[in-house]
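Source file: final30.cif; contents: mmCIF, N, CA and C atoms.
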```cif
data_entry
#
loop_
_atom_site.label_atom_id
_atom_site.label_comp_id
_atom_site.auth_asym_id
_atom_site.auth_seq_id
_atom_site.Cartn_x
_atom_site.Cartn_y
_atom_site.Cartn_z
N MET A 25 109.59 112.08 75.22
CA MET A 25 109.91 111.09 76.25
C MET A 25 110.98 111.62 77.20
N LYS A 26 112.00 112.31 76.68
CA LYS A 26 113.08 112.75 77.55
C LYS A 26 112.62 113.81 78.55
N TYR A 27 111.57 114.56 78.20
CA TYR A 27 111.10 115.58 79.12
C TYR A 27 110.21 114.99 80.21
N LYS A 28 109.63 113.81 79.98
CA LYS A 28 108.78 113.16 80.98
C LYS A 28 109.60 112.48 82.07
N ILE A 29 110.83 112.13 81.76
CA ILE A 29 111.66 111.43 82.74
C ILE A 29 112.34 112.40 83.70
N GLN A 30 112.42 113.66 83.34
CA GLN A 30 113.09 114.64 84.19
C GLN A 30 112.46 114.77 85.58
N PRO A 31 111.13 114.86 85.69
CA PRO A 31 110.55 114.94 87.05
C PRO A 31 110.85 113.70 87.89
N ILE A 32 110.91 112.55 87.24
CA ILE A 32 111.23 111.31 87.97
C ILE A 32 112.65 111.38 88.50
N ILE A 33 113.59 111.85 87.69
CA ILE A 33 114.98 111.99 88.13
C ILE A 33 115.09 112.98 89.28
N ILE A 34 114.34 114.08 89.19
CA ILE A 34 114.38 115.08 90.26
C ILE A 34 113.80 114.52 91.55
N ILE A 35 112.70 113.80 91.46
CA ILE A 35 112.10 113.18 92.66
C ILE A 35 113.07 112.17 93.26
N LEU A 36 113.72 111.36 92.42
CA LEU A 36 114.71 110.40 92.93
C LEU A 36 115.88 111.11 93.60
N GLY A 37 116.27 112.27 93.04
CA GLY A 37 117.35 113.05 93.65
C GLY A 37 116.97 113.57 95.03
N VAL A 38 115.74 114.06 95.16
CA VAL A 38 115.27 114.55 96.47
C VAL A 38 115.16 113.41 97.47
N LEU A 39 114.62 112.28 97.03
CA LEU A 39 114.52 111.11 97.91
C LEU A 39 115.90 110.61 98.33
N SER A 40 116.82 110.59 97.39
CA SER A 40 118.19 110.17 97.68
C SER A 40 118.86 111.10 98.69
N LEU A 41 118.63 112.40 98.53
CA LEU A 41 119.20 113.38 99.46
C LEU A 41 118.59 113.21 100.85
N GLY A 42 117.30 112.95 100.91
CA GLY A 42 116.64 112.71 102.19
C GLY A 42 117.14 111.44 102.86
N PHE A 43 117.27 110.38 102.08
CA PHE A 43 117.76 109.12 102.63
C PHE A 43 119.22 109.24 103.05
N GLY A 44 120.02 109.96 102.25
CA GLY A 44 121.42 110.17 102.61
C GLY A 44 121.56 110.97 103.90
N SER A 45 120.71 111.99 104.06
CA SER A 45 120.74 112.79 105.30
C SER A 45 120.31 111.95 106.49
N PHE A 46 119.28 111.12 106.30
CA PHE A 46 118.82 110.23 107.38
C PHE A 46 119.91 109.25 107.77
N LYS A 47 120.58 108.68 106.79
CA LYS A 47 121.67 107.73 107.06
C LYS A 47 122.83 108.44 107.77
N MET A 48 123.08 109.68 107.40
CA MET A 48 124.16 110.44 108.04
C MET A 48 123.82 110.76 109.49
N LEU A 49 122.54 110.98 109.78
CA LEU A 49 122.13 111.23 111.17
C LEU A 49 122.34 109.99 112.04
N GLN A 50 122.32 108.82 111.43
CA GLN A 50 122.55 107.58 112.17
C GLN A 50 124.02 107.22 112.31
N THR A 51 124.89 107.94 111.62
CA THR A 51 126.32 107.66 111.65
C THR A 51 126.90 108.07 113.00
N GLU A 52 127.63 107.17 113.61
CA GLU A 52 128.27 107.47 114.89
C GLU A 52 129.55 108.26 114.65
N THR A 53 129.73 109.31 115.43
CA THR A 53 130.92 110.14 115.30
C THR A 53 131.64 110.20 116.63
N MET A 54 132.90 110.58 116.60
CA MET A 54 133.70 110.63 117.83
C MET A 54 133.57 111.97 118.55
N ILE A 55 133.59 113.06 117.82
CA ILE A 55 133.64 114.38 118.46
C ILE A 55 132.36 115.17 118.22
N LEU A 56 132.06 115.42 116.96
CA LEU A 56 130.92 116.26 116.62
C LEU A 56 129.63 115.44 116.53
N PRO A 57 128.49 116.05 116.82
CA PRO A 57 127.23 115.32 116.67
C PRO A 57 126.93 115.06 115.19
N SER A 58 126.14 114.05 114.92
CA SER A 58 125.87 113.67 113.53
C SER A 58 125.07 114.74 112.79
N TRP A 59 124.23 115.50 113.47
CA TRP A 59 123.49 116.56 112.79
C TRP A 59 124.43 117.64 112.26
N PHE A 60 125.59 117.81 112.91
CA PHE A 60 126.57 118.78 112.44
C PHE A 60 127.14 118.35 111.09
N LEU A 61 127.34 117.05 110.93
CA LEU A 61 127.80 116.53 109.63
C LEU A 61 126.79 116.83 108.53
N VAL A 62 125.52 116.65 108.85
CA VAL A 62 124.47 116.93 107.87
C VAL A 62 124.47 118.42 107.52
N LEU A 63 124.67 119.24 108.53
CA LEU A 63 124.69 120.69 108.33
C LEU A 63 125.83 121.12 107.40
N ILE A 64 126.94 120.41 107.44
CA ILE A 64 128.07 120.72 106.56
C ILE A 64 127.93 120.00 105.22
N TYR A 65 127.57 118.73 105.25
CA TYR A 65 127.55 117.90 104.05
C TYR A 65 126.45 118.31 103.07
N LEU A 66 125.27 118.64 103.57
CA LEU A 66 124.14 118.94 102.71
C LEU A 66 124.37 120.14 101.79
N PRO A 67 124.77 121.31 102.32
CA PRO A 67 125.02 122.44 101.40
C PRO A 67 126.18 122.18 100.45
N CYS A 68 127.22 121.50 100.93
CA CYS A 68 128.37 121.21 100.06
C CYS A 68 127.95 120.28 98.92
N THR A 69 127.18 119.26 99.23
CA THR A 69 126.71 118.34 98.20
C THR A 69 125.84 119.05 97.18
N LEU A 70 124.93 119.89 97.67
CA LEU A 70 124.06 120.62 96.75
C LEU A 70 124.84 121.59 95.87
N LEU A 71 125.80 122.28 96.44
CA LEU A 71 126.58 123.25 95.67
C LEU A 71 127.45 122.56 94.61
N ILE A 72 128.15 121.51 95.02
CA ILE A 72 129.00 120.78 94.08
C ILE A 72 128.15 120.13 92.98
N SER A 73 127.00 119.56 93.37
CA SER A 73 126.12 118.94 92.38
C SER A 73 125.56 119.97 91.41
N LEU A 74 125.23 121.16 91.92
CA LEU A 74 124.72 122.21 91.05
C LEU A 74 125.78 122.66 90.04
N ILE A 75 127.01 122.82 90.52
CA ILE A 75 128.09 123.22 89.61
C ILE A 75 128.35 122.14 88.57
N LEU A 76 128.44 120.88 89.00
CA LEU A 76 128.67 119.79 88.06
C LEU A 76 127.49 119.61 87.11
N GLY A 77 126.26 119.80 87.62
CA GLY A 77 125.08 119.71 86.77
C GLY A 77 125.06 120.78 85.70
N TYR A 78 125.45 122.00 86.08
CA TYR A 78 125.51 123.10 85.11
C TYR A 78 126.58 122.81 84.05
N LEU A 79 127.75 122.35 84.49
CA LEU A 79 128.81 122.03 83.54
C LEU A 79 128.42 120.88 82.61
N ALA A 80 127.74 119.87 83.16
CA ALA A 80 127.32 118.74 82.32
C ALA A 80 126.30 119.20 81.28
N LYS A 81 125.39 120.07 81.69
CA LYS A 81 124.39 120.58 80.74
C LYS A 81 125.06 121.36 79.61
N LYS A 82 126.03 122.20 79.97
CA LYS A 82 126.72 123.00 78.95
C LYS A 82 127.58 122.13 78.03
N MET A 83 128.26 121.13 78.61
CA MET A 83 129.13 120.27 77.80
C MET A 83 128.33 119.40 76.84
N LEU A 84 127.15 118.97 77.25
CA LEU A 84 126.32 118.10 76.42
C LEU A 84 125.37 118.87 75.51
N ASN A 85 125.32 120.20 75.69
CA ASN A 85 124.38 121.04 74.94
C ASN A 85 122.97 120.47 75.01
N SER A 86 122.55 120.13 76.21
CA SER A 86 121.27 119.48 76.44
C SER A 86 120.16 120.50 76.66
N LYS A 87 118.95 120.09 76.33
CA LYS A 87 117.78 120.92 76.60
C LYS A 87 117.15 120.57 77.95
N TRP A 88 117.74 119.60 78.63
CA TRP A 88 117.25 119.25 79.96
C TRP A 88 117.54 120.39 80.91
N TRP A 89 116.79 120.43 82.01
CA TRP A 89 117.00 121.45 83.03
C TRP A 89 118.30 121.17 83.78
N THR A 90 118.89 122.21 84.31
CA THR A 90 120.11 122.06 85.10
C THR A 90 119.83 121.24 86.36
N ILE A 91 118.64 121.41 86.91
CA ILE A 91 118.29 120.69 88.15
C ILE A 91 118.22 119.18 87.91
N THR A 92 117.94 118.77 86.69
CA THR A 92 117.93 117.33 86.38
C THR A 92 119.34 116.76 86.49
N PHE A 93 120.31 117.45 85.91
CA PHE A 93 121.70 117.00 86.02
C PHE A 93 122.19 117.10 87.47
N THR A 94 121.74 118.13 88.16
CA THR A 94 122.09 118.28 89.58
C THR A 94 121.56 117.08 90.37
N SER A 95 120.34 116.67 90.09
CA SER A 95 119.75 115.52 90.77
C SER A 95 120.53 114.24 90.49
N ILE A 96 121.01 114.09 89.28
CA ILE A 96 121.81 112.91 88.95
C ILE A 96 123.08 112.87 89.80
N PHE A 97 123.75 114.01 89.94
CA PHE A 97 124.96 114.06 90.76
C PHE A 97 124.65 113.87 92.24
N VAL A 98 123.51 114.37 92.70
CA VAL A 98 123.10 114.15 94.10
C VAL A 98 122.89 112.66 94.34
N ILE A 99 122.24 111.99 93.41
CA ILE A 99 122.02 110.54 93.55
C ILE A 99 123.36 109.81 93.61
N ILE A 100 124.30 110.20 92.78
CA ILE A 100 125.62 109.55 92.77
C ILE A 100 126.34 109.78 94.09
N PHE A 101 126.38 111.03 94.58
CA PHE A 101 127.09 111.33 95.82
C PHE A 101 126.45 110.64 97.03
N CYS A 102 125.13 110.65 97.10
CA CYS A 102 124.46 110.00 98.24
C CYS A 102 124.64 108.48 98.19
N SER A 103 124.65 107.92 96.98
CA SER A 103 124.89 106.47 96.86
C SER A 103 126.30 106.11 97.30
N ILE A 104 127.26 106.93 96.93
CA ILE A 104 128.65 106.68 97.35
C ILE A 104 128.75 106.75 98.87
N PHE A 105 128.11 107.75 99.49
CA PHE A 105 128.15 107.85 100.96
C PHE A 105 127.51 106.64 101.59
N TYR A 106 126.34 106.23 101.09
CA TYR A 106 125.65 105.09 101.68
C TYR A 106 126.51 103.83 101.57
N LEU A 107 127.11 103.60 100.42
CA LEU A 107 127.93 102.41 100.24
C LEU A 107 129.18 102.44 101.13
N SER A 108 129.72 103.64 101.36
CA SER A 108 130.91 103.73 102.21
C SER A 108 130.57 103.49 103.68
N GLU A 109 129.35 103.76 104.08
CA GLU A 109 128.94 103.59 105.47
C GLU A 109 128.32 102.23 105.76
N TYR A 110 127.96 101.49 104.73
CA TYR A 110 127.30 100.21 104.93
C TYR A 110 128.29 99.19 105.48
N ARG A 111 127.91 98.57 106.56
CA ARG A 111 128.70 97.49 107.16
C ARG A 111 127.71 96.43 107.66
N PRO A 112 127.97 95.18 107.38
CA PRO A 112 127.10 94.15 107.94
C PRO A 112 127.26 94.10 109.46
N ASN A 113 126.16 93.87 110.16
CA ASN A 113 126.19 93.84 111.62
C ASN A 113 126.39 92.42 112.12
N LYS A 114 127.25 92.28 113.09
CA LYS A 114 127.50 91.01 113.75
C LYS A 114 127.41 91.23 115.26
N ILE A 115 126.92 90.25 115.98
CA ILE A 115 126.79 90.36 117.43
C ILE A 115 127.78 89.42 118.09
N ILE A 116 128.55 89.96 119.00
CA ILE A 116 129.52 89.17 119.75
C ILE A 116 128.98 88.98 121.15
N THR A 117 128.89 87.74 121.59
CA THR A 117 128.36 87.44 122.92
C THR A 117 129.52 87.22 123.88
N ILE A 118 129.55 88.04 124.93
CA ILE A 118 130.59 87.97 125.95
C ILE A 118 129.95 87.52 127.25
N PRO A 119 130.53 86.52 127.93
CA PRO A 119 129.96 86.07 129.20
C PRO A 119 129.91 87.23 130.21
N GLN A 120 128.85 87.29 131.01
CA GLN A 120 128.68 88.37 131.97
C GLN A 120 129.80 88.41 133.01
N SER A 121 130.32 87.27 133.37
CA SER A 121 131.35 87.23 134.40
C SER A 121 132.74 87.57 133.87
N TYR A 122 132.87 87.71 132.54
CA TYR A 122 134.19 87.96 131.97
C TYR A 122 134.58 89.42 132.10
N VAL A 123 135.82 89.66 132.54
CA VAL A 123 136.38 91.01 132.61
C VAL A 123 137.76 90.94 131.98
N GLY A 124 138.03 91.80 131.00
CA GLY A 124 139.35 91.81 130.39
C GLY A 124 139.28 92.05 128.90
N GLU A 125 140.40 91.80 128.25
CA GLU A 125 140.53 92.02 126.81
C GLU A 125 139.87 90.89 126.03
N VAL A 126 139.27 91.24 124.90
CA VAL A 126 138.67 90.25 124.01
C VAL A 126 139.49 90.22 122.73
N ARG A 127 139.79 89.02 122.26
CA ARG A 127 140.55 88.86 121.02
C ARG A 127 139.77 87.97 120.07
N LEU A 128 139.72 88.41 118.81
CA LEU A 128 139.09 87.62 117.76
C LEU A 128 140.17 87.16 116.79
N PHE A 129 140.19 85.87 116.53
CA PHE A 129 141.16 85.29 115.62
C PHE A 129 140.46 84.88 114.33
N VAL A 130 141.17 85.05 113.22
CA VAL A 130 140.64 84.60 111.93
C VAL A 130 140.91 83.11 111.81
N SER A 131 139.84 82.37 111.54
CA SER A 131 139.99 80.91 111.43
C SER A 131 139.64 80.46 110.02
N ASN A 132 139.93 79.21 109.72
CA ASN A 132 139.62 78.68 108.39
C ASN A 132 138.29 77.92 108.38
N GLU A 133 137.51 78.06 109.42
CA GLU A 133 136.19 77.41 109.48
C GLU A 133 135.17 78.19 108.67
N GLU A 134 134.08 77.54 108.31
CA GLU A 134 133.01 78.18 107.55
C GLU A 134 132.17 79.10 108.44
N GLU A 135 131.94 78.70 109.66
CA GLU A 135 131.06 79.43 110.57
C GLU A 135 131.84 80.44 111.41
N ASN A 136 131.17 81.51 111.80
CA ASN A 136 131.73 82.46 112.75
C ASN A 136 131.38 82.01 114.16
N ASP A 137 132.31 82.10 115.06
CA ASP A 137 132.06 81.76 116.46
C ASP A 137 132.21 83.04 117.27
N PHE A 138 131.11 83.76 117.39
CA PHE A 138 131.15 85.04 118.08
C PHE A 138 130.92 84.90 119.58
N PHE A 139 130.96 83.69 120.10
CA PHE A 139 130.84 83.49 121.53
C PHE A 139 132.24 83.51 122.14
N ILE A 140 132.47 84.47 122.98
CA ILE A 140 133.77 84.61 123.62
C ILE A 140 133.86 83.62 124.77
N ASN A 141 134.96 82.86 124.80
CA ASN A 141 135.11 81.88 125.87
C ASN A 141 135.63 82.54 127.15
N LYS A 142 135.90 81.74 128.17
CA LYS A 142 136.30 82.30 129.47
C LYS A 142 137.70 82.91 129.43
N TYR A 143 138.44 82.69 128.34
CA TYR A 143 139.77 83.28 128.18
C TYR A 143 139.74 84.55 127.32
N GLY A 144 138.55 84.95 126.87
CA GLY A 144 138.41 86.16 126.06
C GLY A 144 138.73 85.96 124.60
N ILE A 145 138.55 84.75 124.08
CA ILE A 145 138.90 84.44 122.70
C ILE A 145 137.67 84.00 121.92
N GLY A 146 137.55 84.55 120.70
CA GLY A 146 136.50 84.17 119.77
C GLY A 146 137.10 84.03 118.39
N TYR A 147 136.33 83.49 117.47
CA TYR A 147 136.85 83.24 116.12
C TYR A 147 135.90 83.79 115.07
N ILE A 148 136.48 84.36 114.01
CA ILE A 148 135.71 84.79 112.85
C ILE A 148 136.33 84.14 111.62
N ASN A 149 135.51 83.97 110.58
CA ASN A 149 136.07 83.37 109.37
C ASN A 149 136.69 84.44 108.48
N LYS A 150 137.42 84.01 107.49
CA LYS A 150 138.16 84.92 106.60
C LYS A 150 137.22 85.85 105.83
N LYS A 151 136.06 85.34 105.41
CA LYS A 151 135.11 86.15 104.65
C LYS A 151 134.59 87.32 105.49
N THR A 152 134.25 87.08 106.73
CA THR A 152 133.78 88.14 107.62
C THR A 152 134.89 89.16 107.87
N PHE A 153 136.10 88.70 108.04
CA PHE A 153 137.22 89.60 108.25
C PHE A 153 137.45 90.49 107.03
N ASP A 154 137.36 89.90 105.83
CA ASP A 154 137.58 90.66 104.60
C ASP A 154 136.48 91.68 104.33
N GLN A 155 135.26 91.38 104.77
CA GLN A 155 134.14 92.32 104.58
C GLN A 155 134.28 93.54 105.46
N GLY A 156 135.11 93.47 106.44
CA GLY A 156 135.29 94.62 107.32
C GLY A 156 134.70 94.33 108.68
N PHE A 157 135.49 94.52 109.66
CA PHE A 157 135.05 94.27 111.02
C PHE A 157 135.36 95.51 111.83
N ILE A 158 134.35 96.11 112.43
CA ILE A 158 134.52 97.37 113.16
C ILE A 158 134.37 97.11 114.64
N GLN A 159 135.28 97.63 115.40
CA GLN A 159 135.22 97.50 116.87
C GLN A 159 134.34 98.60 117.42
N LYS A 160 133.42 98.25 118.30
CA LYS A 160 132.56 99.25 118.93
C LYS A 160 132.66 99.13 120.43
#
```

Represent the structure contained in this file as structure tokens.
Amino acid sequence: MKYKIQPIIIILGVLSLGFGSFKMLQTETMILPSWFLVLIYLPCTLLISLILGYLAKKMLNSKWWTITFTSIFVIIFCSIFYLSEYRPNKIITIPQSYVGEVRLFVSNEEENDFFINKYGIGYINKKTFDQGFIQK
């Protein structure tokens, strides 16, 4: 049974690496293009995962392939990256005639009021603020 699950783990590792690379290509950066991040991150992830996979195999005295342990570490690293980049999306509506600074205040209401008034003020609830709010 343990030898039949190894190909599944390896396939999941490859899919995870592909999905992680795709997600990284969608990441907005300030200076370097996102493909440059993939160019740096991909070999580093594979190398570190290979080293950790080899060490895990030796420490556990396992008969599993080293690539199976490598795939497990790839899945872990790509999952951590995905979770760190995940942010819920919110849309803020600004009147077309408005020019100036926009301010969002944390309110104690249940609903978010993402409609900016003529004074440049909108309201978000505490839960949305705690989940993380990114200015774009």

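From CA of Thr117 (chain A) back to CA of Phe46 (chain A), the distance works out to 29.2 Å.
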
Expansion of the PyMOL selection byres (((chain A and resi 93-105 and name CA) around 9) and name CA) into residues, as a PyMOL selection string: chain A and resi 33-41+43-45+47-48+69-70+72-78+80-81+88-92+106-110

DSSP-assigned helix (DSSP H, G or I) members of region 29-157 of chain A, reported as a PyMOL selection string: chain A and resi 29-49+58-84+90-109+150-155

The PyMOL selection byres (((chain A and resi 132 and name CA) around 12) and name CA) resolved against shown file, as a count of residues only: 15

Expected answer as a short mmCIF file (atom, residue, chain, number, x, y, z; two decimals) with N, CA and C atoms, keeping the file's coordinate frame: all residues with atoms within 9 Å of (132.7, 85.9, 130.6), only C-alpha atoms:
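File written: selection39.cif
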```cif
data_model
loop_
_atom_site.label_atom_id
_atom_site.label_comp_id
_atom_site.auth_asym_id
_atom_site.auth_seq_id
_atom_site.Cartn_x
_atom_site.Cartn_y
_atom_site.Cartn_z
N THR A 117 128.89 87.74 121.59
CA THR A 117 128.36 87.44 122.92
C THR A 117 129.52 87.22 123.88
N ILE A 118 129.55 88.04 124.93
CA ILE A 118 130.59 87.97 125.95
C ILE A 118 129.95 87.52 127.25
N PRO A 119 130.53 86.52 127.93
CA PRO A 119 129.96 86.07 129.20
C PRO A 119 129.91 87.23 130.21
N GLN A 120 128.85 87.29 131.01
CA GLN A 120 128.68 88.37 131.97
C GLN A 120 129.80 88.41 133.01
N SER A 121 130.32 87.27 133.37
CA SER A 121 131.35 87.23 134.40
C SER A 121 132.74 87.57 133.87
N TYR A 122 132.87 87.71 132.54
CA TYR A 122 134.19 87.96 131.97
C TYR A 122 134.58 89.42 132.10
N VAL A 123 135.82 89.66 132.54
CA VAL A 123 136.38 91.01 132.61
C VAL A 123 137.76 90.94 131.98
N GLY A 124 138.03 91.80 131.00
CA GLY A 124 139.35 91.81 130.39
C GLY A 124 139.28 92.05 128.90
N ILE A 140 132.47 84.47 122.98
CA ILE A 140 133.77 84.61 123.62
C ILE A 140 133.86 83.62 124.77
N ASN A 141 134.96 82.86 124.80
CA ASN A 141 135.11 81.88 125.87
C ASN A 141 135.63 82.54 127.15
N LYS A 142 135.90 81.74 128.17
CA LYS A 142 136.30 82.30 129.47
C LYS A 142 137.70 82.91 129.43
N TYR A 143 138.44 82.69 128.34
CA TYR A 143 139.77 83.28 128.18
C TYR A 143 139.74 84.55 127.32
N GLY A 144 138.55 84.95 126.87
CA GLY A 144 138.41 86.16 126.06
C GLY A 144 138.73 85.96 124.60
#
```

Separation of CA of Leu128 (chain A) from CA of Ile115 (chain A) in Å: 12.6 Å

Between atom N of Glu52 (chain A) and CA of Gly146 (chain A), distance in Å (one decimal): 25.4 Å

Box in all listed atoms of region 126-145 of chain A, axis-aligned, with 3 Å more on each side; write out centre and edge lengths in Å to one decimal as JSON.
```
{"center_x": 136.0, "center_y": 84.3, "center_z": 118.5, "size_x": 16.3, "size_y": 19.8, "size_z": 27.9}
```

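Proximity of A:Tyr65, A:Trp59, A:Phe138, A:Tyr27 to Ile116 (chain A), computed with all atoms listed in the file, is greatest for A:Phe138.
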